[in-house]
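Engineer: Contents of data.cif (mmCIF, C-alpha atoms) are below:
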data_final
#
loop_
_atom_site.label_atom_id
_atom_site.label_comp_id
_atom_site.auth_asym_id
_atom_site.auth_seq_id
_atom_site.Cartn_x
_atom_site.Cartn_y
_atom_site.Cartn_z
CA MET A 1 0.00 0.00 0.00
CA GLU A 2 2.73 2.48 0.97
CA ILE A 3 4.60 1.97 -2.29
CA ILE A 4 1.48 2.44 -4.41
CA LEU A 5 0.48 5.53 -2.40
CA SER A 6 3.93 7.03 -2.88
CA LEU A 7 3.75 6.44 -6.64
CA ALA A 8 0.27 7.96 -6.80
CA ILE A 9 1.39 11.08 -4.94
CA ALA A 10 4.49 11.32 -7.14
CA LEU A 11 2.48 11.11 -10.37
CA LEU A 12 -0.46 13.32 -9.40
CA GLY A 13 1.75 15.84 -7.63
CA GLY A 14 4.03 16.08 -10.66
CA LEU A 15 1.12 16.55 -13.06
CA LEU A 16 -0.48 19.25 -10.88
CA MET A 17 2.87 21.02 -10.55
CA SER A 18 3.27 20.93 -14.34
CA ARG A 19 0.16 23.12 -14.65
CA LEU A 20 1.83 25.76 -12.47
CA ALA A 21 5.01 25.43 -14.51
CA LYS A 22 3.00 26.06 -17.69
CA LEU A 23 1.72 29.35 -16.26
CA LEU A 24 5.31 30.32 -15.53
CA LYS A 25 6.33 29.17 -19.03
CA LEU A 26 8.67 26.51 -17.66
CA PRO A 27 9.07 22.97 -19.06
CA ALA A 28 7.18 20.14 -17.40
CA VAL A 29 10.37 18.26 -16.50
CA THR A 30 11.33 21.12 -14.19
CA ALA A 31 7.96 20.78 -12.45
CA TYR A 32 8.50 17.05 -11.99
CA LEU A 33 11.95 17.54 -10.48
CA VAL A 34 10.68 20.23 -8.10
CA THR A 35 7.81 17.93 -7.12
CA GLY A 36 10.35 15.24 -6.31
CA ILE A 37 12.16 17.61 -3.98
CA LEU A 38 8.88 18.53 -2.26
CA VAL A 39 7.76 14.92 -1.70
CA GLY A 40 11.29 13.76 -0.99
CA PRO A 41 12.98 13.04 2.34
CA TYR A 42 13.95 16.68 2.93
CA VAL A 43 10.44 18.18 2.79
CA LEU A 44 7.25 16.07 2.91
CA GLY A 45 9.17 12.90 3.71
CA ARG A 46 10.59 14.59 6.83
CA LEU A 47 7.16 14.20 8.44
CA GLY A 48 7.89 10.48 8.62
CA VAL A 49 4.44 9.38 7.43
CA PRO A 50 4.91 6.21 5.30
CA GLY A 51 3.40 6.58 1.84
CA LEU A 52 2.82 10.32 2.15
CA GLY A 53 6.29 11.07 0.82
CA PHE A 54 9.63 9.39 0.24
CA VAL A 55 10.84 8.79 3.81
CA GLY A 56 14.57 8.36 4.39
CA ASP A 57 16.10 5.95 1.88
CA SER A 58 12.73 4.57 0.73
CA VAL A 59 13.18 6.23 -2.67
CA GLU A 60 15.91 3.70 -3.48
CA GLN A 61 13.36 0.90 -3.80
CA PHE A 62 11.98 2.57 -6.93
CA GLY A 63 15.20 2.06 -8.89
CA ILE A 64 13.46 -0.36 -11.27
CA ILE A 65 11.32 2.54 -12.51
CA ALA A 66 14.45 4.44 -13.52
CA ASP A 67 15.74 1.39 -15.43
CA VAL A 68 12.46 0.94 -17.29
CA ALA A 69 12.02 4.66 -18.04
CA LEU A 70 15.57 4.82 -19.35
CA GLY A 71 14.83 1.92 -21.69
CA PHE A 72 11.79 3.64 -23.15
CA ILE A 73 13.70 6.92 -23.57
CA ALA A 74 16.40 5.09 -25.55
CA PHE A 75 13.73 3.20 -27.52
CA ALA A 76 12.18 6.54 -28.53
CA ILE A 77 15.58 7.88 -29.62
CA GLY A 78 15.97 4.89 -31.92
CA ASN A 79 12.80 5.95 -33.68
CA GLU A 80 14.63 9.05 -34.92
CA PHE A 81 16.95 6.96 -37.08
CA ARG A 82 14.77 5.93 -39.95
CA VAL A 83 16.69 5.36 -43.19
CA ALA A 84 14.58 7.94 -45.01
CA GLN A 85 15.41 10.53 -42.36
CA LEU A 86 19.08 9.57 -42.20
CA LYS A 87 19.40 10.38 -45.91
CA LYS A 88 18.15 13.89 -45.18
CA ILE A 89 20.47 14.51 -42.24
CA GLY A 90 23.40 15.16 -44.51
CA LYS A 91 27.09 15.33 -43.84
CA GLN A 92 26.88 18.71 -42.13
CA ALA A 93 24.46 17.68 -39.40
CA THR A 94 26.32 14.41 -38.78
CA ILE A 95 29.70 16.11 -38.33
CA ILE A 96 28.20 18.81 -36.09
CA GLY A 97 26.31 16.24 -34.02
CA ILE A 98 29.44 14.21 -33.30
CA LEU A 99 31.97 17.02 -32.79
CA GLN A 100 29.85 19.18 -30.47
CA ALA A 101 29.15 16.18 -28.21
CA VAL A 102 32.82 15.16 -28.11
CA THR A 103 33.94 18.76 -27.46
CA ALA A 104 31.57 19.11 -24.51
CA THR A 105 32.84 15.83 -23.06
CA VAL A 106 36.51 16.79 -23.43
CA LEU A 107 36.08 20.24 -21.86
CA VAL A 108 34.05 18.93 -18.91
CA ASP A 109 36.53 16.08 -18.40
CA GLY A 110 39.42 18.54 -18.40
CA ALA A 111 37.74 21.03 -16.08
CA LEU A 112 36.56 18.43 -13.56
CA ILE A 113 39.81 16.45 -13.55
CA GLY A 114 41.49 19.77 -12.74
CA LEU A 115 39.05 20.18 -9.83
CA HIS A 116 39.89 16.65 -8.70
CA PHE A 117 43.41 17.78 -7.86
CA ALA A 118 41.97 20.69 -5.87
CA PHE A 119 39.37 18.54 -4.05
CA PRO A 120 40.67 14.94 -4.30
CA GLU A 121 38.55 13.62 -1.43
CA THR A 122 35.29 14.97 -2.90
CA LEU A 123 35.58 14.53 -6.66
CA SER A 124 37.22 11.37 -7.93
CA ILE A 125 38.70 11.01 -11.39
CA GLU A 126 36.10 8.33 -12.13
CA ALA A 127 33.25 10.73 -11.32
CA ALA A 128 34.86 13.45 -13.46
CA ILE A 129 35.13 11.11 -16.46
CA VAL A 130 31.52 9.94 -16.15
CA LEU A 131 30.21 13.51 -15.75
CA GLY A 132 32.12 14.43 -18.91
CA ALA A 133 30.23 11.71 -20.79
CA ILE A 134 26.88 12.82 -19.38
CA ALA A 135 27.68 16.36 -20.56
CA SER A 136 27.41 15.20 -24.18
CA ALA A 137 23.64 14.54 -23.94
CA THR A 138 21.06 17.12 -25.00
CA ALA A 139 17.34 17.00 -24.15
CA PRO A 140 15.45 16.64 -27.44
CA ALA A 141 12.05 17.18 -25.83
CA ALA A 142 12.81 20.66 -24.51
CA THR A 143 14.33 21.77 -27.81
CA LEU A 144 11.60 20.33 -30.02
CA MET A 145 8.96 21.87 -27.76
CA VAL A 146 10.20 25.35 -28.62
CA VAL A 147 10.49 24.56 -32.33
CA LYS A 148 6.93 23.24 -32.53
CA GLN A 149 5.37 25.85 -30.28
CA TYR A 150 6.70 28.77 -32.32
CA LYS A 151 6.65 27.00 -35.71
CA ALA A 152 10.33 27.75 -36.26
CA LYS A 153 11.52 27.38 -39.85
CA GLY A 154 14.87 28.03 -41.48
CA PRO A 155 18.47 26.75 -41.81
CA VAL A 156 19.12 26.65 -38.05
CA THR A 157 15.94 24.67 -37.34
CA GLU A 158 16.54 22.28 -40.24
CA THR A 159 20.02 21.52 -38.89
CA LEU A 160 18.99 21.50 -35.24
CA LEU A 161 16.42 18.70 -35.51
CA PRO A 162 18.74 15.99 -36.92
CA VAL A 163 21.61 17.13 -34.69
CA VAL A 164 19.44 16.74 -31.57
CA ALA A 165 18.32 13.29 -32.74
CA LEU A 166 21.93 12.23 -33.37
CA ASP A 167 23.26 13.88 -30.21
CA ASP A 168 21.89 11.41 -27.69
CA ALA A 169 22.96 8.43 -29.78
CA VAL A 170 26.52 9.79 -29.78
CA GLY A 171 26.15 10.51 -26.07
CA LEU A 172 25.16 6.91 -25.35
CA VAL A 173 28.30 5.63 -27.08
CA ILE A 174 30.52 8.16 -25.27
CA PHE A 175 28.91 7.19 -21.97
CA ALA A 176 29.49 3.47 -22.54
CA VAL A 177 33.18 4.05 -23.27
CA SER A 178 33.71 6.59 -20.45
CA PHE A 179 31.92 4.48 -17.85
CA GLY A 180 34.06 1.49 -18.82
CA ILE A 181 37.23 3.56 -18.45
CA ALA A 182 36.07 4.93 -15.07
CA GLU A 183 35.30 1.44 -13.78
CA ALA A 184 38.71 0.21 -14.95
CA ILE A 185 40.47 3.06 -13.13
CA GLY A 186 38.42 2.46 -9.97
CA ALA A 187 39.29 -1.23 -9.98
CA GLY A 188 42.97 -0.45 -10.49
CA GLN A 189 43.01 -2.41 -13.73
CA VAL A 190 44.31 0.17 -16.16
CA ASP A 191 45.13 -2.09 -19.08
CA VAL A 192 44.09 -2.57 -22.68
CA VAL A 193 41.41 -5.12 -21.81
CA SER A 194 39.78 -2.92 -19.17
CA ILE A 195 39.95 0.39 -21.01
CA VAL A 196 39.57 -0.65 -24.65
CA VAL A 197 38.31 -4.22 -25.04
CA ASN A 198 35.58 -4.25 -22.37
CA PRO A 199 33.92 -0.92 -23.35
CA LEU A 200 34.04 -1.72 -27.09
CA LEU A 201 32.75 -5.23 -26.45
CA GLU A 202 29.87 -3.77 -24.44
CA ILE A 203 28.96 -1.42 -27.28
CA VAL A 204 29.10 -4.13 -29.96
CA LEU A 205 27.18 -6.67 -27.88
CA SER A 206 24.56 -4.12 -26.88
CA LEU A 207 23.96 -3.08 -30.49
CA ALA A 208 23.85 -6.74 -31.55
CA LEU A 209 21.36 -7.54 -28.78
CA GLY A 210 19.19 -4.61 -29.80
CA ALA A 211 19.31 -5.63 -33.46
CA ILE A 212 18.31 -9.23 -32.70
CA MET A 213 15.51 -8.11 -30.40
CA GLY A 214 14.36 -5.60 -33.04
CA ILE A 215 14.05 -8.33 -35.67
CA LEU A 216 12.19 -10.64 -33.27
CA PHE A 217 10.02 -7.71 -32.24
CA SER A 218 9.02 -7.01 -35.84
CA LEU A 219 8.25 -10.67 -36.56
CA THR A 220 6.16 -11.03 -33.40
CA GLU A 221 4.28 -7.78 -34.09
CA LYS A 222 2.99 -9.17 -37.41
CA ILE A 223 1.14 -11.95 -35.61
CA PHE A 224 -1.24 -9.45 -34.03
CA HIS A 225 -3.59 -7.02 -35.75
CA SER A 226 -5.28 -5.00 -33.01
CA ARG A 227 -3.57 -1.82 -31.86
CA SER A 228 -3.88 -2.72 -28.18
CA LYS A 229 -2.14 -6.07 -28.61
CA ARG A 230 0.60 -4.55 -30.75
CA LEU A 231 1.12 -1.93 -28.06
CA GLY A 232 1.37 -4.73 -25.49
CA VAL A 233 3.98 -6.53 -27.58
CA SER A 234 5.97 -3.29 -27.94
CA VAL A 235 6.03 -2.69 -24.20
CA GLY A 236 6.86 -6.34 -23.56
CA PHE A 237 9.88 -6.30 -25.89
CA VAL A 238 11.26 -3.13 -24.31
CA PHE A 239 10.92 -4.81 -20.89
CA LEU A 240 12.58 -7.98 -22.23
CA THR A 241 15.48 -6.05 -23.76
CA ILE A 242 16.06 -4.16 -20.51
CA ALA A 243 16.03 -7.41 -18.54
CA ILE A 244 18.52 -9.17 -20.82
CA SER A 245 20.75 -6.06 -20.73
CA MET A 246 21.19 -6.58 -17.00
CA LEU A 247 23.04 -9.88 -17.55
CA LYS A 248 26.78 -9.86 -16.89
CA PHE A 249 29.47 -12.49 -17.49
CA GLU A 250 33.18 -12.82 -16.80
CA ILE A 251 35.45 -14.75 -19.15
CA GLY A 252 38.92 -14.43 -17.70
CA PRO A 253 39.88 -10.73 -17.73
CA VAL A 254 37.12 -9.94 -20.23
CA HIS A 255 33.92 -8.52 -18.80
CA ILE A 256 30.81 -9.19 -20.88
CA GLY A 257 27.96 -6.81 -20.19
CA PHE A 258 25.33 -4.76 -21.99
CA SER A 259 24.16 -1.17 -22.04
CA SER A 260 20.38 -1.02 -21.84
CA LEU A 261 20.58 2.44 -23.42
CA LEU A 262 22.31 1.22 -26.57
CA ALA A 263 20.32 -2.02 -26.74
CA CYS A 264 16.94 -0.27 -26.51
CA MET A 265 18.05 2.42 -28.95
CA MET A 266 18.99 -0.23 -31.50
CA LEU A 267 15.72 -2.06 -30.77
CA GLY A 268 13.81 1.08 -31.78
CA THR A 269 16.03 1.74 -34.79
CA ILE A 270 15.69 -1.75 -36.28
CA TYR A 271 11.98 -1.93 -35.61
CA CYS A 272 11.10 1.45 -37.15
CA ASN A 273 13.06 0.65 -40.31
CA ILE A 274 11.66 -2.81 -41.07
CA CYS A 275 8.07 -2.44 -39.88
CA ASP A 276 5.77 -0.43 -42.17
CA PHE A 277 3.31 0.53 -39.40
CA SER A 278 5.92 1.38 -36.76
CA GLU A 279 5.46 5.15 -36.77
CA ASN A 280 1.88 5.06 -35.51
CA LEU A 281 2.73 2.41 -32.94
CA MET A 282 5.74 4.39 -31.69
CA GLU A 283 3.43 7.34 -31.02
CA ARG A 284 1.15 5.08 -28.99
CA VAL A 285 4.12 3.78 -26.97
CA ASP A 286 5.16 7.38 -26.27
CA ARG A 287 1.70 8.15 -24.91
CA TRP A 288 1.70 4.97 -22.82
CA ALA A 289 5.09 5.83 -21.33
CA ALA A 290 4.26 9.49 -20.55
CA PRO A 291 3.11 8.80 -16.94
CA LEU A 292 6.17 6.57 -16.47
CA PHE A 293 8.45 9.45 -17.48
CA ALA A 294 6.64 11.80 -15.08
CA VAL A 295 7.17 9.40 -12.17
CA PHE A 296 10.79 8.87 -13.25
CA PHE A 297 11.56 12.59 -13.09
CA VAL A 298 9.76 13.01 -9.76
CA ILE A 299 11.76 10.14 -8.27
CA SER A 300 14.93 11.67 -9.71
CA GLY A 301 14.11 14.90 -7.89
CA ALA A 302 13.42 13.01 -4.67
CA GLU A 303 16.85 11.39 -4.91
CA LEU A 304 18.56 14.78 -4.80
CA LYS A 305 20.48 14.94 -1.55
CA LEU A 306 20.04 18.59 -0.67
CA ASP A 307 22.47 18.45 2.23
CA VAL A 308 25.40 18.00 -0.14
CA PHE A 309 24.84 21.55 -1.37
CA THR A 310 25.54 22.91 2.08
CA ASN A 311 29.14 22.22 1.12
CA TYR A 312 30.46 24.94 -1.15
CA ILE A 313 32.65 22.39 -2.95
CA PHE A 314 29.59 20.72 -4.49
CA ILE A 315 28.28 24.08 -5.65
CA VAL A 316 31.65 24.84 -7.24
CA ILE A 317 31.66 21.48 -9.04
CA GLY A 318 28.11 22.06 -10.33
CA VAL A 319 28.89 25.55 -11.60
CA VAL A 320 32.12 24.40 -13.29
CA TYR A 321 30.24 21.52 -14.93
CA ILE A 322 27.55 23.87 -16.29
CA LEU A 323 30.04 26.44 -17.57
CA ALA A 324 32.38 23.88 -19.16
CA ARG A 325 29.51 22.02 -20.83
CA SER A 326 27.96 25.24 -22.15
CA VAL A 327 31.28 26.38 -23.61
CA GLY A 328 31.85 22.92 -25.09
CA LYS A 329 28.42 22.74 -26.74
CA TYR A 330 28.74 26.22 -28.23
CA THR A 331 32.38 26.08 -29.38
CA GLY A 332 31.96 22.53 -30.68
CA SER A 333 28.98 23.40 -32.84
CA TYR A 334 30.50 26.75 -33.86
CA ALA A 335 33.79 25.22 -35.01
CA SER A 336 32.21 22.23 -36.76
CA ALA A 337 29.60 24.41 -38.50
CA LYS A 338 32.37 26.75 -39.60
CA LEU A 339 34.37 23.76 -40.84
CA MET A 340 31.40 22.51 -42.87
CA LYS A 341 30.80 26.01 -44.30
CA CYS A 342 27.27 26.22 -42.94
CA ASP A 343 24.97 29.21 -43.07
CA LYS A 344 26.13 32.13 -40.86
CA ASN A 345 23.10 31.79 -38.57
CA ILE A 346 23.85 28.09 -38.02
CA VAL A 347 27.42 28.96 -37.04
CA ASN A 348 26.33 31.67 -34.60
CA TYR A 349 23.17 30.29 -33.00
CA LEU A 350 23.01 26.49 -33.25
CA GLY A 351 25.22 25.85 -30.21
CA ILE A 352 22.94 27.79 -27.86
CA THR A 353 19.95 25.65 -28.84
CA LEU A 354 21.81 22.50 -27.70
CA LEU A 355 22.05 23.46 -24.01
CA PRO A 356 18.86 21.85 -22.58
CA GLN A 357 19.57 18.62 -20.71
CA ALA A 358 17.15 16.22 -19.06
CA GLY A 359 15.96 12.64 -19.67
CA VAL A 360 18.93 10.78 -21.11
CA ALA A 361 21.41 12.59 -18.85
CA LEU A 362 19.34 11.70 -15.78
CA GLY A 363 19.06 8.13 -17.00
CA MET A 364 22.84 7.87 -17.33
CA ALA A 365 23.33 9.37 -13.86
CA ASN A 366 20.77 7.00 -12.33
CA GLN A 367 22.52 4.04 -13.88
CA VAL A 368 25.82 5.11 -12.31
CA ALA A 369 24.19 5.93 -8.95
CA GLY A 370 23.00 2.38 -8.48
CA MET A 371 26.30 0.73 -9.36
CA THR A 372 29.23 2.79 -8.04
CA ALA A 373 30.58 4.44 -4.90
CA TYR A 374 30.85 7.78 -6.66
CA GLY A 375 27.30 7.58 -8.02
CA ASP A 376 25.81 10.03 -5.52
CA ILE A 377 27.95 12.97 -6.59
CA VAL A 378 27.37 12.16 -10.28
CA LEU A 379 23.59 12.04 -9.76
CA ASN A 380 23.42 15.21 -7.70
CA ILE A 381 25.63 17.28 -10.00
CA THR A 382 23.55 16.08 -12.97
CA LEU A 383 20.28 16.94 -11.22
CA PHE A 384 21.64 20.36 -10.27
CA ALA A 385 22.65 20.99 -13.88
CA VAL A 386 19.34 19.72 -15.26
CA LEU A 387 17.38 22.09 -13.02
CA ILE A 388 19.45 25.05 -14.22
CA TYR A 389 19.45 24.01 -17.88
CA GLU A 390 15.72 23.28 -17.97
CA LEU A 391 15.01 26.70 -16.48
CA ILE A 392 17.11 28.64 -18.98
CA GLY A 393 17.62 26.22 -21.91
CA PRO A 394 14.22 26.53 -23.65
CA LEU A 395 14.27 30.31 -23.23
CA LEU A 396 17.76 30.54 -24.78
CA THR A 397 16.62 28.30 -27.64
CA LYS A 398 13.69 30.61 -28.32
CA ILE A 399 15.93 33.71 -28.23
CA SER A 400 18.49 32.09 -30.57
CA LEU A 401 15.84 31.15 -33.14
CA GLN A 402 14.41 34.66 -32.92
CA LYS A 403 17.87 36.15 -33.51
CA ALA A 404 18.24 33.85 -36.52
CA GLY A 405 14.93 35.14 -37.86
CA GLU A 406 13.29 31.73 -37.81
CA ILE A 407 10.45 32.47 -35.37
CA ASP A 408 7.52 34.52 -36.61
CA PRO A 409 6.60 37.21 -34.05
CA GLU A 410 3.04 35.96 -34.44
CA GLY A 411 4.08 32.32 -33.86
CA ARG A 412 1.70 29.99 -32.11
CA THR A 413 1.63 30.29 -28.32
CA SER A 414 -1.44 28.16 -27.64
CA ALA A 415 -2.16 24.92 -29.45
CA ARG A 416 -5.72 24.93 -28.12
CA HIS A 417 -6.36 28.46 -29.39
CA ASP A 418 -4.84 27.57 -32.75
CA ARG A 419 -7.04 24.48 -33.08
CA HIS A 420 -10.14 26.48 -32.11
CA ARG A 421 -9.32 29.07 -34.75
CA ASN A 422 -8.84 26.41 -37.43
CA LYS A 423 -12.14 24.75 -36.58
CA LYS A 424 -13.89 28.10 -36.72
CA HIS A 425 -12.54 29.22 -40.08
CA LYS A 426 -11.83 25.99 -41.97
CA PRO A 427 -14.40 23.44 -43.22
CA HIS A 428 -13.93 19.75 -42.40
CA HIS A 429 -14.17 18.75 -46.09
CA GLY A 430 -16.18 15.69 -45.17
CA ARG A 431 -13.82 14.40 -42.46
CA HIS A 432 -15.40 12.44 -39.68
CA PRO A 433 -15.10 14.09 -36.22
CA GLU A 434 -13.15 11.06 -34.96
CA HIS A 435 -10.46 11.74 -37.54
CA GLU A 436 -10.16 15.30 -36.29
CA THR A 437 -9.79 14.05 -32.74
CA VAL A 438 -7.02 11.64 -33.68
CA ALA A 439 -5.18 14.26 -35.71
CA ASN A 440 -5.11 16.63 -32.74
CA SER A 441 -4.61 14.08 -29.97
CA ASN A 442 -1.01 15.10 -29.40
CA GLU A 443 -1.94 18.67 -28.65
#
Rewrite the structure from the file as C-alpha cells, please.

Structural biologist:
Amino acid sequence: MEIILSLAIALLGGLLMSRLAKLLKLPAVTAYLVTGILVGPYVLGRLGVPGLGFVGDSVEQFGIIADVALGFIAFAIGNEFRVAQLKKIGKQATIIGILQAVTATVLVDGALIGLHFAFPETLSIEAAIVLGAIASATAPAATLMVVKQYKAKGPVTETLLPVVALDDAVGLVIFAVSFGIAEAIGAGQVDVVSIVVNPLLEIVLSLALGAIMGILFSLTEKIFHSRSKRLGVSVGFVFLTIAISMLKFEIGPVHIGFSSLLACMMLGTIYCNICDFSENLMERVDRWAAPLFAVFFVISGAELKLDVFTNYIFIVIGVVYILARSVGKYTGSYASAKLMKCDKNIVNYLGITLLPQAGVALGMANQVAGMTAYGDIVLNITLFAVLIYELIGPLLTKISLQKAGEIDPEGRTSARHDRHRNKKHKPHHGRHPEHETVANSNE
C-alpha cells in the first residue's frame, strides 16, 4: 500500500505542478523535479508518514522505474533513425552532431579532472570522467517543444532537428566508453582489456542484442492485428530487452555486459526501419510511457540529496560543470559548423539551442548511482545541472531562433487556441469528427 500511495502522490503531484510550470512558461520536466524535492525526504518525507512522501532511503526501492524509463527513452531515440530521415540529415548535421558532443565531453573532463586535484577527497577522477560523458547529452524534448510551439523554420531549425536526434545516440556511445574507463580506473586495472576491449565489447554486444531483439520484435508484431495487442507486444519487448541487458558475465579478464541504453536504442532503430506501421505504434508507446516518465523525473528529484549543497565544494563542481559544458556545446557546434561552411546563422546560433539537458542525462546518472561508490555525486551534479538548464535552456533556444529570424513574431503560443481558430474558419471537407480528434490528440 505504501509503495502504491507514494507512486500515486508522485504522479499526481508532478502533473499538478506541471500546470503551475506552464503558467510560468517553464518545461514540465522542471515541475516534476521540483515535485520530487517537495515529496522527498527533505520536505514532505521529513514528516515520517509512510506513503505520504519518500521517507529516508525509501526512494531507493523505486530504482526499477528508472531502469524501465531509461529503456523507453532510448527506444524513442531509436525511432529518430529511420533510413529515409538519415538520408536527409546530410554530412553537415552528422559532423556537427558528433563534434559538439565530443567537445563538450573533453572540456568537462578537463575542467573536472582539474578540480579533482583541488578537491581529491570529494571529486574522484572516475566521477569526473563519467560527468564528462553525461555532458554530451542534449534533451530533445525541450528543444523540439520550442520549435513546434513557435513554428520555427529556417536553416538553423533544419540543422537543429537531426543534430538533436543524433546527439543522444553519440552521447550513449561516449557514456558506454567513459563508464568502462572509469570502472577500470576504480578497480585499479588500467590495461588494454579494461579500457579498450571491455567498453568496445559492451557497445558491440549491446547493439547486436538490440538488433536481434528488433528483428524478433518485428516478426512477433505481425502476428497481431489489433492496436492494443501490438502496443502490449511493444512494451513487452522493451521490458525484455532491458532485462537481458542486466546480464553480466566474466570470461577471464574480459567482462561481458550490456548497455540497456544502446540495446533499446537499436531495438527502436531496427523496428522502425523494417516495420511499415511502426510510426503510428511508436506514437502510442510514447503516450503509454508518458506517466512513467513523469514518475521517473519526480523520483529523480526526490533522490537529490540537498544536504550536499551545504558544502560549497559541491556548488563549485556544479557551476564548473555547467560552464564547461555550455562552452563545449557552443564552441563545438560553432567550429564544426564553420568547418562545414554552414549558413552564418547556423554557425552563430546552433550551439545555444543545444544546451537543454534532461531525460537521457538523468538516465545515465541514475545508472551510475546504483552501481558505483561515486554515483551520488554524479547524480546530484547532474540533477543540479538539469534544473538550471531546464530553467534557462528553452528560453535561450527561443531567443536564438528569434535572432536567426526563424520564429515569426506571431508564432503559435497556444495549441488549443490555434485548433479552435482552425475549426472556426476551416471546413472539415467531409472528415469524420473522430479523424479530427485523432489528428489533434497530441496537442

Engineer: Would you please work out which residue, of A:Ile244, A:Ile346, A:Ala28, A:Val39, is nearest to Pro394 of chain A when using all atoms listed in the file?

Structural biologist: A:Ala28

Engineer: Got a sec: who's within 7 Å of segment 387-392 of chain A, counting only C-alpha atoms, leaving out chain neighbours fewer than 6 positions off, as a list in words?

Structural biologist: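 In the requested format, the answer is Leu26, Pro27, Thr30, Leu355, Pro356 and Gln357 of chain A.
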
Engineer: Convert the output of the PyMOL selection byres ((chain A and resi 182) around 8) on the shown file into explicit residues, formatted as a list of chain:residue names.

Structural biologist: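 Evaluating the PyMOL selection byres ((chain A and resi 182) around 8) on these coordinates yields A:Ile125, A:Glu126, A:Ala127, A:Ile129, A:Val130, A:Ser178, A:Phe179, A:Gly180, A:Ile181, A:Glu183, A:Ala184, A:Ile185, A:Gly186.
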
Engineer: For the selection you just gave me, I'd like the residues written to a file as a compact mmCIF listing (two decimals), in the frame of the given file, keeping C-alpha atoms.

Structural biologist:
# COMPACT_ATOMS: atom_id res chain seq x y z
CA ILE A 125 38.70 11.01 -11.39
CA GLU A 126 36.10 8.33 -12.13
CA ALA A 127 33.25 10.73 -11.32
CA ILE A 129 35.13 11.11 -16.46
CA VAL A 130 31.52 9.94 -16.15
CA SER A 178 33.71 6.59 -20.45
CA PHE A 179 31.92 4.48 -17.85
CA GLY A 180 34.06 1.49 -18.82
CA ILE A 181 37.23 3.56 -18.45
CA GLU A 183 35.30 1.44 -13.78
CA ALA A 184 38.71 0.21 -14.95
CA ILE A 185 40.47 3.06 -13.13
CA GLY A 186 38.42 2.46 -9.97

Engineer: So which one's closest to Asp168 of chain A, A:Ala76, A:Ile256, A:Leu5, A:Val368? Using all atoms listed in the file, please.

Structural biologist: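 Closest to Asp168 of chain A, using all atoms listed in the file: A:Ala76.
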
Engineer: Would you please work out which residue, of A:Leu396, A:Leu216, A:Leu231, A:Ala104, is nearest to Thr138 of chain A when using all atoms listed in the file?

Structural biologist: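 The answer is A:Ala104, which sits nearest to Thr138 of chain A.
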
Engineer: Take atom CA of Gly36 of chain A and atom CA of Ser6 of chain A and report the distance between them in Å, one decimal.

Structural biologist: 11.0 Å

Engineer: Figure out the distance between atom CA of Ala31 of chain A and atom CA of Phe384 of chain A, please, to one decimal in Å.

Structural biologist: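 A separation of 13.9 Å between them.
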
Engineer: Evaluate the PyMOL selection byres ((chain A and resi 370-380) around 8) against this structure - the residues, as a PDB file with C-alpha atoms, in the frame of the given file, please.

Structural biologist:
ATOM      1  CA  GLY A  63      15.200   2.060  -8.890  1.00  0.00           C
ATOM      2  CA  LEU A 123      35.580  14.530  -6.660  1.00  0.00           C
ATOM      3  CA  SER A 124      37.220  11.370  -7.930  1.00  0.00           C
ATOM      4  CA  GLU A 126      36.100   8.330 -12.130  1.00  0.00           C
ATOM      5  CA  ALA A 127      33.250  10.730 -11.320  1.00  0.00           C
ATOM      6  CA  VAL A 130      31.520   9.940 -16.150  1.00  0.00           C
ATOM      7  CA  LEU A 131      30.210  13.510 -15.750  1.00  0.00           C
ATOM      8  CA  LEU A 304      18.560  14.780  -4.800  1.00  0.00           C
ATOM      9  CA  LYS A 305      20.480  14.940  -1.550  1.00  0.00           C
ATOM     10  CA  LEU A 362      19.340  11.700 -15.780  1.00  0.00           C
ATOM     11  CA  ALA A 365      23.330   9.370 -13.860  1.00  0.00           C
ATOM     12  CA  ASN A 366      20.770   7.000 -12.330  1.00  0.00           C
ATOM     13  CA  GLN A 367      22.520   4.040 -13.880  1.00  0.00           C
ATOM     14  CA  VAL A 368      25.820   5.110 -12.310  1.00  0.00           C
ATOM     15  CA  ALA A 369      24.190   5.930  -8.950  1.00  0.00           C
ATOM     16  CA  ILE A 381      25.630  17.280 -10.000  1.00  0.00           C
ATOM     17  CA  THR A 382      23.550  16.080 -12.970  1.00  0.00           C
ATOM     18  CA  LEU A 383      20.280  16.940 -11.220  1.00  0.00           C
ATOM     19  CA  PHE A 384      21.640  20.360 -10.270  1.00  0.00           C
TER      20      PHE A 384
END

Engineer: Going by the chain IDs and residue numbers used in this file, which residues fall under the PyMOL selection byres ((chain A and resi 67) around 9)? Write them as a PDB file with C-alpha atoms, in the frame of the given file.

Structural biologist:
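Final output, saved to result.pdb:
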ATOM      1  CA  GLY A  63      15.200   2.060  -8.890  1.00  0.00           C
ATOM      2  CA  ILE A  64      13.460  -0.360 -11.270  1.00  0.00           C
ATOM      3  CA  ILE A  65      11.320   2.540 -12.510  1.00  0.00           C
ATOM      4  CA  ALA A  66      14.450   4.440 -13.520  1.00  0.00           C
ATOM      5  CA  VAL A  68      12.460   0.940 -17.290  1.00  0.00           C
ATOM      6  CA  ALA A  69      12.020   4.660 -18.040  1.00  0.00           C
ATOM      7  CA  LEU A  70      15.570   4.820 -19.350  1.00  0.00           C
ATOM      8  CA  GLY A  71      14.830   1.920 -21.690  1.00  0.00           C
ATOM      9  CA  PHE A  72      11.790   3.640 -23.150  1.00  0.00           C
ATOM     10  CA  ILE A 242      16.060  -4.160 -20.510  1.00  0.00           C
ATOM     11  CA  SER A 260      20.380  -1.020 -21.840  1.00  0.00           C
ATOM     12  CA  GLY A 363      19.060   8.130 -17.000  1.00  0.00           C
ATOM     13  CA  ASN A 366      20.770   7.000 -12.330  1.00  0.00           C
ATOM     14  CA  GLN A 367      22.520   4.040 -13.880  1.00  0.00           C
TER      15      GLN A 367
END

Engineer: Calculate how many Å separate atom CA of Ile77 of chain A from atom CA of Met265 of chain A, rounding to one decimal.

Structural biologist: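 One can read the atom CA of Ile77 of chain A to atom CA of Met265 of chain A distance as 6.0 Å.
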
Engineer: Residues of segment 82-161 of chain A that approach segment 307-324 of chain A to 9 Å or less, counting only C-alpha atoms: could you list each one with the shortest pair of atoms and its distance in Å to one decimal, rows by chain and increasing residue number, as CSV?

Structural biologist:
residue,atom,partner,partner_atom,distance
A:Ala104,CA,A:Ala324,CA,7.2
A:Thr105,CA,A:Ala324,CA,9.0
A:Leu107,CA,A:Ala324,CA,5.9
A:Val108,CA,A:Ala324,CA,5.2
A:Asp109,CA,A:Ala324,CA,8.9
A:Gly110,CA,A:Ala324,CA,8.9
A:Ala111,CA,A:Ala324,CA,6.8
A:Leu112,CA,A:Tyr321,CA,7.2
A:Leu115,CA,A:Ile317,CA,7.5
A:Phe119,CA,A:Ile313,CA,7.8
A:Thr122,CA,A:Ile313,CA,7.9
A:Leu123,CA,A:Ile317,CA,8.3
A:Leu131,CA,A:Tyr321,CA,8.1
A:Gly132,CA,A:Tyr321,CA,8.3
A:Ala135,CA,A:Tyr321,CA,8.1
